[in-house]
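Visitor: Take a look at work.cif, mmCIF, C-alpha atoms; chains and numbers go by the auth columns:
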data_coords
loop_
_atom_site.group_PDB
_atom_site.id
_atom_site.type_symbol
_atom_site.label_atom_id
_atom_site.label_comp_id
_atom_site.label_asym_id
_atom_site.label_seq_id
_atom_site.Cartn_x
_atom_site.Cartn_y
_atom_site.Cartn_z
_atom_site.B_iso_or_equiv
_atom_site.auth_seq_id
_atom_site.auth_asym_id
ATOM 1 C CA MET A 1 2.507 -98.012 -17.657 0.00 16 Q
ATOM 2 C CA GLU A 2 0.827 -95.763 -15.123 0.00 17 Q
ATOM 3 C CA GLN A 3 -1.868 -93.430 -16.440 0.00 18 Q
ATOM 4 C CA ALA A 4 -1.858 -89.748 -15.501 0.00 19 Q
ATOM 5 C CA LYS A 5 -4.546 -88.946 -12.975 0.00 20 Q
ATOM 6 C CA THR A 6 -6.759 -85.968 -13.865 0.00 21 Q
ATOM 7 C CA ILE A 7 -7.943 -83.669 -11.138 0.00 22 Q
ATOM 8 C CA GLY A 8 -11.449 -82.288 -11.365 0.00 23 Q
ATOM 9 C CA GLN A 9 -12.325 -78.665 -10.773 0.00 24 Q
ATOM 10 C CA ASP A 10 -13.921 -79.482 -7.383 0.00 25 Q
ATOM 11 C CA ASP A 11 -10.719 -81.224 -6.263 0.00 26 Q
ATOM 12 C CA MET A 12 -8.605 -78.267 -7.364 0.00 27 Q
ATOM 13 C CA LEU A 13 -10.845 -75.875 -5.412 0.00 28 Q
ATOM 14 C CA ALA A 14 -10.593 -78.070 -2.313 0.00 29 Q
ATOM 15 C CA VAL A 15 -6.790 -78.044 -2.561 0.00 30 Q
ATOM 16 C CA ALA A 16 -6.755 -74.270 -3.043 0.00 31 Q
ATOM 17 C CA PHE A 17 -9.008 -73.674 -0.016 0.00 32 Q
ATOM 18 C CA GLN A 18 -6.800 -75.971 2.076 0.00 33 Q
ATOM 19 C CA ALA A 19 -3.698 -74.040 0.983 0.00 34 Q
ATOM 20 C CA VAL A 20 -5.295 -70.710 1.900 0.00 35 Q
ATOM 21 C CA ARG A 21 -6.382 -72.092 5.299 0.00 36 Q
ATOM 22 C CA LEU A 22 -2.870 -73.397 6.018 0.00 37 Q
ATOM 23 C CA TYR A 23 -1.321 -70.075 4.983 0.00 38 Q
ATOM 24 C CA ALA A 24 -3.727 -68.131 7.214 0.00 39 Q
ATOM 25 C CA GLU A 25 -2.920 -70.377 10.173 0.00 40 Q
ATOM 26 C CA THR A 26 0.832 -69.998 9.768 0.00 41 Q
ATOM 27 C CA HIS A 27 0.835 -66.296 8.818 0.00 42 Q
ATOM 28 C CA PRO A 28 -1.266 -64.319 11.282 0.00 43 Q
ATOM 29 C CA ARG A 29 -2.838 -61.111 10.100 0.00 44 Q
ATOM 30 C CA PRO A 30 -0.703 -58.051 10.926 0.00 45 Q
ATOM 31 C CA LEU A 31 -2.021 -55.361 13.250 0.00 46 Q
ATOM 32 C CA HIS A 32 -0.557 -52.593 11.075 0.00 47 Q
ATOM 33 C CA VAL A 33 0.421 -52.371 7.409 0.00 48 Q
ATOM 34 C CA THR A 34 2.676 -50.157 5.321 0.00 49 Q
ATOM 35 C CA LEU A 35 1.283 -47.627 2.852 0.00 50 Q
ATOM 36 C CA GLY A 36 2.130 -49.934 -0.060 0.00 51 Q
ATOM 37 C CA GLN A 37 0.440 -52.899 1.604 0.00 52 Q
ATOM 38 C CA ALA A 38 -2.638 -50.774 2.359 0.00 53 Q
ATOM 39 C CA ALA A 39 -2.893 -49.620 -1.256 0.00 54 Q
ATOM 40 C CA GLU A 40 -2.562 -53.220 -2.428 0.00 55 Q
ATOM 41 C CA MET A 41 -5.164 -54.507 0.061 0.00 56 Q
ATOM 42 C CA LEU A 42 -7.628 -51.814 -1.012 0.00 57 Q
ATOM 43 C CA GLY A 43 -6.778 -52.176 -4.700 0.00 58 Q
ATOM 44 C CA ILE A 44 -6.194 -48.448 -5.149 0.00 59 Q
ATOM 45 C CA PRO A 45 -3.290 -46.317 -6.395 0.00 60 Q
ATOM 46 C CA MET A 46 -1.013 -44.582 -3.898 0.00 61 Q
ATOM 47 C CA ASP A 47 -2.344 -41.077 -4.681 0.00 62 Q
ATOM 48 C CA LEU A 48 -5.886 -42.149 -3.771 0.00 63 Q
ATOM 49 C CA LEU A 49 -4.556 -43.695 -0.564 0.00 64 Q
ATOM 50 C CA MET A 50 -2.963 -40.334 0.295 0.00 65 Q
ATOM 51 C CA LYS A 51 -6.281 -38.560 -0.325 0.00 66 Q
ATOM 52 C CA MET A 52 -7.994 -41.025 2.019 0.00 67 Q
ATOM 53 C CA MET A 53 -5.376 -40.248 4.657 0.00 68 Q
ATOM 54 C CA SER A 54 -5.816 -36.494 4.258 0.00 69 Q
ATOM 55 C CA SER A 55 -9.600 -36.904 4.602 0.00 70 Q
ATOM 56 C CA LYS A 56 -9.022 -38.897 7.827 0.00 71 Q
ATOM 57 C CA LYS A 57 -10.503 -42.147 6.431 0.00 72 Q
ATOM 58 C CA LEU A 58 -7.121 -43.729 7.093 0.00 73 Q
ATOM 59 C CA ARG A 59 -4.615 -42.692 9.733 0.00 74 Q
ATOM 60 C CA LEU A 60 -0.993 -43.429 10.513 0.00 75 Q
ATOM 61 C CA ASN A 61 0.196 -44.668 13.882 0.00 76 Q
ATOM 62 C CA ASP A 62 3.376 -43.426 15.593 0.00 77 Q
ATOM 63 C CA CYS A 63 5.521 -45.786 13.503 0.00 78 Q
ATOM 64 C CA GLY A 64 4.091 -44.589 10.180 0.00 79 Q
ATOM 65 C CA LEU A 65 1.903 -47.640 9.645 0.00 80 Q
ATOM 66 C CA ILE A 66 -1.852 -47.904 9.032 0.00 81 Q
ATOM 67 C CA PRO A 67 -3.892 -49.890 11.582 0.00 82 Q
ATOM 68 C CA ILE A 68 -5.571 -52.916 9.997 0.00 83 Q
ATOM 69 C CA GLY A 69 -8.860 -51.812 11.604 0.00 84 Q
ATOM 70 C CA ASP A 70 -8.903 -48.747 9.339 0.00 85 Q
ATOM 71 C CA ILE A 71 -8.423 -50.976 6.291 0.00 86 Q
ATOM 72 C CA ASP A 72 -11.279 -53.209 7.472 0.00 87 Q
ATOM 73 C CA GLN A 73 -13.569 -50.187 7.880 0.00 88 Q
ATOM 74 C CA VAL A 74 -12.863 -48.972 4.335 0.00 89 Q
ATOM 75 C CA LEU A 75 -13.451 -52.468 2.939 0.00 90 Q
ATOM 76 C CA ALA A 76 -16.708 -52.832 4.912 0.00 91 Q
ATOM 77 C CA SER A 77 -17.889 -49.419 3.715 0.00 92 Q
ATOM 78 C CA ARG A 78 -17.040 -50.378 0.135 0.00 93 Q
ATOM 79 C CA ALA A 79 -18.953 -53.664 0.483 0.00 94 Q
ATOM 80 C CA GLN A 80 -21.976 -51.798 1.870 0.00 95 Q
ATOM 81 C CA HIS A 81 -21.804 -49.302 -1.007 0.00 96 Q
ATOM 82 C CA GLN A 82 -21.568 -52.142 -3.543 0.00 97 Q
ATOM 83 C CA GLY A 83 -24.627 -53.754 -1.961 0.00 98 Q
ATOM 84 C CA GLN A 84 -26.565 -50.517 -2.418 0.00 99 Q
ATOM 85 C CA MET A 85 -25.363 -50.230 -5.991 0.00 100 Q
ATOM 86 C CA GLN A 86 -26.502 -53.815 -6.685 0.00 101 Q
ATOM 87 C CA LYS A 87 -30.017 -52.820 -5.590 0.00 102 Q
ATOM 88 C CA VAL A 88 -29.903 -49.967 -8.072 0.00 103 Q
ATOM 89 C CA VAL A 89 -28.729 -52.336 -10.794 0.00 104 Q
ATOM 90 C CA VAL A 90 -31.666 -54.645 -10.092 0.00 105 Q
ATOM 91 C CA GLN A 91 -34.040 -51.671 -10.297 0.00 106 Q
ATOM 92 C CA LYS A 92 -32.509 -50.632 -13.594 0.00 107 Q
ATOM 93 C CA ALA A 93 -32.793 -54.156 -14.982 0.00 108 Q
ATOM 94 C CA THR A 94 -36.531 -54.188 -14.360 0.00 109 Q
ATOM 95 C CA ARG A 95 -37.034 -51.115 -16.548 0.00 110 Q
ATOM 96 C CA THR A 96 -37.442 -51.604 -20.265 0.00 111 Q
ATOM 97 C CA ALA A 97 -34.376 -51.487 -22.468 0.00 112 Q
ATOM 98 C CA GLU A 98 -35.698 -48.333 -24.119 0.00 113 Q
ATOM 99 C CA GLU A 99 -35.870 -46.450 -20.816 0.00 114 Q
ATOM 100 C CA ALA A 100 -32.567 -47.816 -19.559 0.00 115 Q
ATOM 101 C CA ARG A 101 -30.452 -46.870 -22.576 0.00 116 Q
ATOM 102 C CA PRO A 102 -30.259 -43.756 -24.674 0.00 117 Q
ATOM 103 C CA ALA A 103 -29.515 -44.038 -28.393 0.00 118 Q
ATOM 104 C CA SER A 104 -25.759 -43.973 -27.700 0.00 119 Q
ATOM 105 C CA GLY A 105 -25.991 -47.157 -25.584 0.00 120 Q
ATOM 106 C CA ARG A 106 -24.703 -45.510 -22.409 0.00 121 Q
ATOM 107 C CA SER A 107 -26.452 -46.220 -19.125 0.00 122 Q
ATOM 108 C CA ARG A 108 -29.005 -43.795 -17.655 0.00 123 Q
ATOM 109 C CA SER A 109 -28.966 -42.263 -14.177 0.00 124 Q
ATOM 110 C CA ASP A 110 -29.496 -44.225 -10.997 0.00 125 Q
ATOM 111 C CA SER A 111 -32.428 -42.160 -9.781 0.00 126 Q
ATOM 112 C CA PRO A 112 -35.672 -44.073 -10.381 0.00 127 Q
ATOM 113 C CA ASP A 113 -37.683 -40.914 -10.996 0.00 128 Q
ATOM 114 C CA GLY A 114 -35.084 -39.402 -13.354 0.00 129 Q
ATOM 115 C CA THR A 115 -34.379 -36.312 -11.222 0.00 130 Q
ATOM 116 C CA LEU A 116 -30.636 -36.953 -11.236 0.00 131 Q
ATOM 117 C CA MET A 117 -28.256 -37.316 -14.169 0.00 132 Q
ATOM 118 C CA ARG A 118 -24.932 -39.128 -14.454 0.00 133 Q
ATOM 119 C CA LEU A 119 -21.990 -37.469 -16.165 0.00 134 Q
ATOM 120 C CA VAL A 120 -22.579 -39.358 -19.443 0.00 135 Q
ATOM 121 C CA GLU A 121 -26.108 -37.937 -19.601 0.00 136 Q
ATOM 122 C CA VAL A 122 -24.876 -34.416 -18.899 0.00 137 Q
ATOM 123 C CA GLU A 123 -22.275 -34.807 -21.659 0.00 138 Q
ATOM 124 C CA GLU A 124 -25.023 -35.913 -24.055 0.00 139 Q
ATOM 125 C CA ALA A 125 -27.358 -33.101 -23.021 0.00 140 Q
ATOM 126 C CA VAL A 126 -24.874 -30.234 -23.427 0.00 141 Q
ATOM 127 C CA ARG A 127 -22.740 -31.914 -26.127 0.00 142 Q
ATOM 128 C CA VAL A 128 -19.377 -31.185 -24.507 0.00 143 Q
ATOM 129 C CA ARG A 129 -16.741 -33.351 -22.873 0.00 144 Q
ATOM 130 C CA THR A 130 -16.135 -33.928 -19.173 0.00 145 Q
ATOM 131 C CA THR A 131 -13.193 -31.531 -18.969 0.00 146 Q
ATOM 132 C CA THR A 132 -15.313 -28.670 -20.311 0.00 147 Q
ATOM 133 C CA ILE A 133 -18.142 -29.409 -17.865 0.00 148 Q
ATOM 134 C CA TYR A 134 -15.777 -29.366 -14.891 0.00 149 Q
ATOM 135 C CA LYS A 135 -14.037 -26.209 -16.200 0.00 150 Q
ATOM 136 C CA TRP A 136 -17.419 -24.457 -16.481 0.00 151 Q
ATOM 137 C CA MET A 137 -18.359 -25.576 -12.962 0.00 152 Q
ATOM 138 C CA LYS A 138 -15.085 -24.211 -11.596 0.00 153 Q
ATOM 139 C CA GLU A 139 -15.778 -20.895 -13.328 0.00 154 Q
ATOM 140 C CA GLY A 140 -19.344 -20.840 -11.936 0.00 155 Q
ATOM 141 C CA LYS A 141 -20.863 -21.102 -15.422 0.00 156 Q
ATOM 142 C CA PHE A 142 -22.514 -24.533 -14.987 0.00 157 Q
ATOM 143 C CA PRO A 143 -24.574 -26.225 -12.222 0.00 158 Q
ATOM 144 C CA LYS A 144 -22.465 -28.034 -9.621 0.00 159 Q
ATOM 145 C CA GLN A 145 -22.695 -31.776 -9.131 0.00 160 Q
ATOM 146 C CA ILE A 146 -23.850 -33.726 -6.081 0.00 161 Q
ATOM 147 C CA LYS A 147 -21.248 -36.204 -4.817 0.00 162 Q
ATOM 148 C CA MET A 148 -22.597 -39.582 -3.671 0.00 163 Q
ATOM 149 C CA GLY A 149 -19.568 -41.646 -2.737 0.00 164 Q
ATOM 150 C CA PHE A 150 -17.438 -41.810 -5.874 0.00 165 Q
ATOM 151 C CA VAL A 151 -20.360 -40.922 -8.156 0.00 166 Q
ATOM 152 C CA SER A 152 -21.133 -37.407 -9.375 0.00 167 Q
ATOM 153 C CA LEU A 153 -24.775 -36.637 -10.152 0.00 168 Q
ATOM 154 C CA TRP A 154 -26.468 -33.473 -11.448 0.00 169 Q
ATOM 155 C CA VAL A 155 -30.003 -32.302 -10.798 0.00 170 Q
ATOM 156 C CA ARG A 156 -31.783 -32.732 -14.138 0.00 171 Q
ATOM 157 C CA ALA A 157 -33.931 -29.596 -13.666 0.00 172 Q
ATOM 158 C CA GLU A 158 -30.803 -27.456 -13.070 0.00 173 Q
ATOM 159 C CA VAL A 159 -29.077 -28.756 -16.210 0.00 174 Q
ATOM 160 C CA GLU A 160 -32.217 -28.277 -18.299 0.00 175 Q
ATOM 161 C CA ALA A 161 -32.638 -24.748 -16.914 0.00 176 Q
ATOM 162 C CA TRP A 162 -29.006 -24.006 -17.817 0.00 177 Q
ATOM 163 C CA ILE A 163 -29.650 -25.200 -21.381 0.00 178 Q
ATOM 164 C CA GLN A 164 -32.753 -22.981 -21.616 0.00 179 Q
ATOM 165 C CA GLN A 165 -30.700 -20.057 -20.287 0.00 180 Q
ATOM 166 C CA GLN A 166 -28.128 -20.614 -23.037 0.00 181 Q
ATOM 167 C CA ILE A 167 -30.911 -20.572 -25.629 0.00 182 Q
ATOM 168 C CA ALA A 168 -32.326 -17.353 -24.154 0.00 183 Q
ATOM 169 C CA VAL A 169 -28.874 -15.683 -24.218 0.00 184 Q
ATOM 170 C CA ARG A 170 -28.443 -16.696 -27.845 0.00 185 Q
ATOM 171 C CA ASP A 171 -31.846 -15.233 -28.808 0.00 186 Q
ATOM 172 C CA VAL A 172 -31.166 -11.847 -27.182 0.00 187 Q
#
Represent the structure from my file as structure tokens, please.

Guide:
Amino acid sequence: MEQAKTIGQDDMLAVAFQAVRLYAETHPRPLHVTLGQAAEMLGIPMDLLMKMMSSKKLRLNDCGLIPIGDIDQVLASRAQHQGQMQKVVVQKATRTAEEARPASGRSRSDSPDGTLMRLVEVEEAVRVRTTTIYKWMKEGKFPKQIKMGFVSLWVRAEVEAWIQQQIAVRDV
């Protein structure tokens, strides 16, 4: 009777890499992709892809396709941004656990000197939800955020001044 041969994890990885190499050799990379393919390659929903097109980060050619170079630029920009964020994570890890986490267990802001606040900190400071904060900003009743990529940050001094203003209005 012949015994079943077990394949180790290293052997399975070697086979997988060989399969990917063979696929890449037989299926050349397209010069242009459809909107659906672009969304899949970037790992984003279609509505976000449309926003990227309206902001000129992605463009359509005459046939209604997206050049692969545009996709590569977005992916390279994302990789660069992730590299910067990893540096921030390392900086945060070197701080003590007490400084890095408030009592609720949510993460603190990315600014080393504490001048900027993430949305979770703003929510904790003013004790309202995100929708209320953004509604107040739209109405001009709350300090506006600073956009850094996909992250919204608030100037701590502005939020604290707003809180003090609310206290002063209450005391009048």

Visitor: So which one's closest to Glu55 in chain Q, Q:Leu168, Q:Ala140, Q:Ile86, Q:Leu28? Using all atoms listed in the file, please.

Guide: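 When distances to Glu55 in chain Q are compared using all atoms listed in the file, the smallest one comes from Q:Ile86.
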
Visitor: Give as an MDAnalysis selection string the residues that the PyMOL selection byres ((chain Q and resi 56-65) around 12) matches when applied to the coordinates above.

Guide: chainID Q and resid 48:55 66:75 81 83 85:94 165

Visitor: Set the distance at 12 Å and use all atoms listed in the file: which residues neighbour Val137 in chain Q once local chain neighbours fewer than 2 positions away are removed? I'd like the list as a count of residues only.

Guide: 34

Visitor: Between CA of Asp186 in chain Q and CA of Thr130 in chain Q, measure the distance and give it in Å to one decimal.

Guide: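 These atoms are spaced 27.6 Å apart.
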
Visitor: Could you check how far CA of Ala31 in chain Q sits from CA of Pro82 in chain Q, in Å to one decimal?

Guide: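 Taking CA of Ala31 in chain Q and CA of Pro82 in chain Q, their separation equals 28.6 Å.
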
Visitor: Please report the interatomic distance between CA of His96 in chain Q and CA of Ile161 in chain Q in Å with one decimal.

Guide: 16.5 Å
